[in-house]
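Here the structure comes first, spelled out in structure tokens, and everything after it is commentary.
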Amino acid sequence: MSIRHGLLALLDQGPRYGYQLRTEFEARTGATWPLNVGQVYTTLSRLERDGLVEPAGEDGEGHQFYAATDAGREELRTWFDTPVPRTNPPRDELAIKLAMAVTVPGVDVSAVVQGQRRHSIKALQDYTRLKGRALSGEARPGTVPSDGHDLAWLLVLDQLIFQTEAEIRWLDHCETRLAQQAEVLQNRTAEAARDGAAPAKRGRRVRT
């Protein structure tokens, strides 16, 4: 998730200071990706270093405002116009966890899958409930009603719902894979046992 470009998008609409940026970023994304003020100012410092934002004065309370430069606006337009690359997919903690679980002796992988499914189903129910509230016009706590912000929140919720549904389907698929693998191993063990018993039978002498 690009905090850098998210802040540029806010500054493109006018100068703001760090706490304002944090509040507006969280309001537009439904606090799905919470920021702390330290992250905001670290990002602003890098943006200023790269010539994409510049100081824009202070208010009476000493808040330092920042504004997007022409180069910053050009960077923002390029970001909007460029598809998000999938050549280097982001690291997914759940995928890494299951990949490790199937290679580590003693881990009950089925229990890991089932525990995650329960968690994901609950998350899906929560997201669906939030979407219902948003569609009914109920404002989120701590936000000012705004058609643009409400639409942004709905888009984020839709993405979370689709992503969680896909995760649940993938977990179902993982469980099927585990069952298939267990069956293959069971068949191999049975074949090995039969192969080991056959020579012993051939080696026995028949008494007359």
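Going by the structure tokens order, chains are called A, B, ..., each with residues numbered from 1, while ligands are numbered from 1 in the order shown.
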Item checked: All strand (DSSP E) positions in segment 6-203 of chain A, as number ranges by chain -> A: 16-17, 53-58, 64-68
Proximity of segment 167-186 of chain A to segment 109-119 of chain A: per-residue shortest pair, 10 Å limit, only C-alpha atoms, as CSV:
residue,atom,partner,partner_atom,distance
A:Glu167,CA,A:Arg117,CA,8.4
A:Ile168,CA,A:Arg117,CA,6.1
A:Arg169,CA,A:Arg117,CA,9.3
A:Trp170,CA,A:Arg117,CA,9.7
A:Leu171,CA,A:Val113,CA,6.3
A:Asp172,CA,A:Arg117,CA,8.3
A:Cys174,CA,A:Val113,CA,7.6
A:Glu175,CA,A:Ser110,CA,6.7
A:Leu178,CA,A:Ser110,CA,7.5
A:Ala179,CA,A:Ser110,CA,9.1
Check: Quick one: of A:Ala68, A:Val84, A:Ala101, A:Ala31, who's nearest to Pro55 of chain A, counting only C-alpha atoms?
Finding: A:Ala68
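Between atom CA of Gly72 of chain A and atom CA of Asp12 of chain A the separation is 8.1 Å.
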Item checked: Contact residues around Leu7 of chain A with only C-alpha atoms at 9 Å, ignoring same-chain residues under 6 positions, as a VMD selection string -> chain A and resid 21 to 22 25 40 43 to 44
Please produce an output containing N, CA, C and O atoms for each residue in the selection, written as a tab-separated table (two decimals), in the first residue's frame.
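Writing the result to again_26.tsv gives the following:
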chain	number	residue	atom	x	y	z
A	21	LEU	N	-3.09	15.16	7.51
A	21	LEU	CA	-2.87	14.12	6.52
A	21	LEU	C	-3.23	12.75	7.09
A	21	LEU	O	-3.86	11.93	6.43
A	22	ARG	N	-2.79	12.51	8.31
A	22	ARG	CA	-3.10	11.22	8.94
A	22	ARG	C	-4.60	11.02	9.08
A	22	ARG	O	-5.15	9.97	8.75
A	25	PHE	N	-6.30	10.61	5.58
A	25	PHE	CA	-5.95	9.32	4.99
A	25	PHE	C	-6.79	8.22	5.59
A	25	PHE	O	-7.35	7.37	4.89
A	40	VAL	N	3.82	9.44	8.88
A	40	VAL	CA	3.45	10.55	8.00
A	40	VAL	C	4.64	11.48	7.81
A	40	VAL	O	5.00	11.84	6.68
A	43	THR	N	7.49	9.99	5.81
A	43	THR	CA	7.16	9.98	4.38
A	43	THR	C	7.25	11.38	3.80
A	43	THR	O	7.77	11.57	2.69
A	44	LEU	N	6.78	12.38	4.53
A	44	LEU	CA	6.88	13.76	4.06
A	44	LEU	C	8.33	14.18	3.86
A	44	LEU	O	8.68	14.86	2.90
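Interatomic distance, atom CA of Ala134 of chain A to atom CA of Trp79 of chain A: 28.0 Å.
In this structure, atom CA of Leu94 of chain A sits 12.9 Å away from atom CA of Gln163 of chain A.
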Next item on the list: For Pro15 of chain A, list every protein, DNA or RNA residue within 12 Å, evaluated using only C-alpha atoms, and leave out those in the same chain fewer than 3 positions away; present the list as a VMD selection string.
Entry: chain A and resid 7 to 12 18 20 to 21 53 to 59 63 to 69
Taking C-alpha atoms for each residue, export the selection above as a compact mmCIF listing (two decimals), in the first residue's frame.
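Produced file selection_38.txt, reproduced below:
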# COMPACT_ATOMS: atom_id res chain seq x y z
CA LEU A 7 -0.28 11.54 0.94
CA LEU A 8 0.53 13.09 -2.44
CA ALA A 9 -3.13 12.64 -3.44
CA LEU A 10 -4.20 14.58 -0.36
CA LEU A 11 -1.61 17.32 -0.84
CA ASP A 12 -2.70 17.68 -4.47
CA GLY A 18 0.99 15.98 9.36
CA GLN A 20 -4.41 16.51 9.04
CA LEU A 21 -2.87 14.12 6.52
CA VAL A 53 6.50 18.28 -1.77
CA GLU A 54 7.71 21.52 -0.23
CA PRO A 55 7.11 23.43 3.01
CA ALA A 56 4.15 25.80 2.71
CA GLY A 57 4.37 27.87 5.88
CA GLU A 58 2.99 27.47 9.40
CA ASP A 59 -0.26 28.35 11.11
CA HIS A 63 1.88 23.41 12.45
CA GLN A 64 4.18 22.99 9.45
CA PHE A 65 2.17 22.78 6.24
CA TYR A 66 3.32 20.95 3.11
CA ALA A 67 2.20 21.33 -0.48
CA ALA A 68 2.69 19.21 -3.59
CA THR A 69 5.17 20.53 -6.15
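Of the residues listed (A:Arg194, A:Lys131, A:Arg49, A:His173), A:Lys131 shows the shortest atom-to-atom separation from Trp153 of chain A; distances use only C-alpha atoms.
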Check: Which residues in segment 46-192 of chain A does DSSP call helix (DSSP H, G or I)? List them as a PyMOL selection string.
Finding: chain A and resi 46-49+70-81+93-101+109-135+147-192
Output C-alpha atoms for every residue in that selection, as a JSON list (two decimals), in the first residue's frame.
[["chain", "number", "residue", "atom", "x", "y", "z"],
["A", 46, "ARG", "CA", 11.34, 11.63, 1.85],
["A", 47, "LEU", "CA", 8.87, 13.34, -0.46],
["A", 48, "GLU", "CA", 10.56, 16.68, 0.25],
["A", 49, "ARG", "CA", 13.99, 15.14, -0.35],
["A", 70, "ASP", "CA", 4.68, 20.30, -9.92],
["A", 71, "ALA", "CA", 6.94, 17.24, -9.86],
["A", 72, "GLY", "CA", 4.77, 15.78, -7.11],
["A", 73, "ARG", "CA", 1.60, 16.27, -9.14],
["A", 74, "GLU", "CA", 3.27, 14.65, -12.14],
["A", 75, "GLU", "CA", 4.31, 11.69, -9.94],
["A", 76, "LEU", "CA", 0.72, 11.38, -8.70],
["A", 77, "ARG", "CA", -0.73, 11.39, -12.24],
["A", 78, "THR", "CA", 1.77, 8.71, -13.27],
["A", 79, "TRP", "CA", 0.72, 6.61, -10.28],
["A", 80, "PHE", "CA", -2.96, 6.90, -11.20],
["A", 81, "ASP", "CA", -2.24, 6.06, -14.86],
["A", 93, "GLU", "CA", 1.69, -14.03, 5.76],
["A", 94, "LEU", "CA", -0.97, -16.74, 5.56],
["A", 95, "ALA", "CA", 0.52, -18.29, 2.41],
["A", 96, "ILE", "CA", 3.98, -18.24, 4.00],
["A", 97, "LYS", "CA", 2.60, -19.78, 7.21],
["A", 98, "LEU", "CA", 0.96, -22.69, 5.38],
["A", 99, "ALA", "CA", 3.97, -23.22, 3.12],
["A", 100, "MET", "CA", 6.13, -23.53, 6.24],
["A", 101, "ALA", "CA", 3.57, -25.63, 8.14],
["A", 109, "VAL", "CA", -1.75, -28.25, 9.16],
["A", 110, "SER", "CA", -5.46, -29.08, 9.05],
["A", 111, "ALA", "CA", -5.91, -27.35, 12.42],
["A", 112, "VAL", "CA", -4.07, -24.29, 11.10],
["A", 113, "VAL", "CA", -6.37, -24.18, 8.05],
["A", 114, "GLN", "CA", -9.53, -24.64, 10.11],
["A", 115, "GLY", "CA", -8.51, -21.99, 12.64],
["A", 116, "GLN", "CA", -7.80, -19.51, 9.86],
["A", 117, "ARG", "CA", -11.10, -20.30, 8.13],
["A", 118, "ARG", "CA", -13.04, -19.53, 11.33],
["A", 119, "HIS", "CA", -11.19, -16.23, 11.65],
["A", 120, "SER", "CA", -11.72, -15.34, 7.99],
["A", 121, "ILE", "CA", -15.44, -16.15, 8.11],
["A", 122, "LYS", "CA", -15.85, -13.87, 11.12],
["A", 123, "ALA", "CA", -13.94, -11.10, 9.33],
["A", 124, "LEU", "CA", -16.17, -11.55, 6.27],
["A", 125, "GLN", "CA", -19.26, -11.23, 8.47],
["A", 126, "ASP", "CA", -17.85, -8.04, 10.02],
["A", 127, "TYR", "CA", -17.03, -6.51, 6.63],
["A", 128, "THR", "CA", -20.46, -7.41, 5.28],
["A", 129, "ARG", "CA", -22.12, -5.83, 8.31],
["A", 130, "LEU", "CA", -20.07, -2.63, 7.83],
["A", 131, "LYS", "CA", -21.01, -2.55, 4.16],
["A", 132, "GLY", "CA", -24.69, -2.84, 5.07],
["A", 133, "ARG", "CA", -24.36, 0.14, 7.40],
["A", 134, "ALA", "CA", -22.53, 2.15, 4.76],
["A", 135, "LEU", "CA", -25.19, 1.40, 2.14],
["A", 147, "ASP", "CA", -20.40, 11.33, -0.79],
["A", 148, "GLY", "CA", -16.80, 11.02, -1.97],
["A", 149, "HIS", "CA", -15.55, 9.61, 1.31],
["A", 150, "ASP", "CA", -18.51, 7.21, 1.58],
["A", 151, "LEU", "CA", -17.84, 5.88, -1.92],
["A", 152, "ALA", "CA", -14.14, 5.46, -1.08],
["A", 153, "TRP", "CA", -15.06, 3.49, 2.05],
["A", 154, "LEU", "CA", -17.49, 1.29, 0.08],
["A", 155, "LEU", "CA", -14.80, 0.52, -2.50],
["A", 156, "VAL", "CA", -12.39, -0.46, 0.27],
["A", 157, "LEU", "CA", -15.04, -2.65, 1.91],
["A", 158, "ASP", "CA", -15.83, -4.34, -1.41],
["A", 159, "GLN", "CA", -12.14, -5.13, -1.88],
["A", 160, "LEU", "CA", -11.88, -6.55, 1.64],
["A", 161, "ILE", "CA", -14.99, -8.68, 1.13],
["A", 162, "PHE", "CA", -13.83, -10.07, -2.23],
["A", 163, "GLN", "CA", -10.34, -10.70, -0.86],
["A", 164, "THR", "CA", -11.68, -12.53, 2.20],
["A", 165, "GLU", "CA", -14.09, -14.60, 0.10],
["A", 166, "ALA", "CA", -11.18, -15.61, -2.13],
["A", 167, "GLU", "CA", -9.11, -16.48, 0.95],
["A", 168, "ILE", "CA", -11.87, -18.77, 2.26],
["A", 169, "ARG", "CA", -12.12, -20.49, -1.12],
["A", 170, "TRP", "CA", -8.33, -20.94, -1.13],
["A", 171, "LEU", "CA", -8.44, -22.43, 2.37],
["A", 172, "ASP", "CA", -11.09, -24.91, 1.19],
["A", 173, "HIS", "CA", -8.79, -25.78, -1.71],
["A", 174, "CYS", "CA", -5.85, -26.22, 0.70],
["A", 175, "GLU", "CA", -7.89, -28.64, 2.78],
["A", 176, "THR", "CA", -8.71, -30.67, -0.35],
["A", 177, "ARG", "CA", -5.01, -30.73, -1.25],
["A", 178, "LEU", "CA", -4.12, -31.96, 2.23],
["A", 179, "ALA", "CA", -6.70, -34.75, 2.02],
["A", 180, "GLN", "CA", -5.38, -35.80, -1.41],
["A", 181, "GLN", "CA", -1.80, -35.79, -0.14],
["A", 182, "ALA", "CA", -2.75, -37.87, 2.91],
["A", 183, "GLU", "CA", -4.44, -40.41, 0.62],
["A", 184, "VAL", "CA", -1.35, -40.60, -1.63],
["A", 185, "LEU", "CA", 0.92, -41.19, 1.38],
["A", 186, "GLN", "CA", -1.43, -43.80, 2.76],
["A", 187, "ASN", "CA", -1.44, -45.66, -0.57],
["A", 188, "ARG", "CA", 2.36, -45.52, -0.78],
["A", 189, "THR", "CA", 2.67, -46.92, 2.73],
["A", 190, "ALA", "CA", 0.26, -49.75, 1.91],
["A", 191, "GLU", "CA", 2.16, -50.57, -1.31],
["A", 192, "ALA", "CA", 5.49, -50.58, 0.53]]
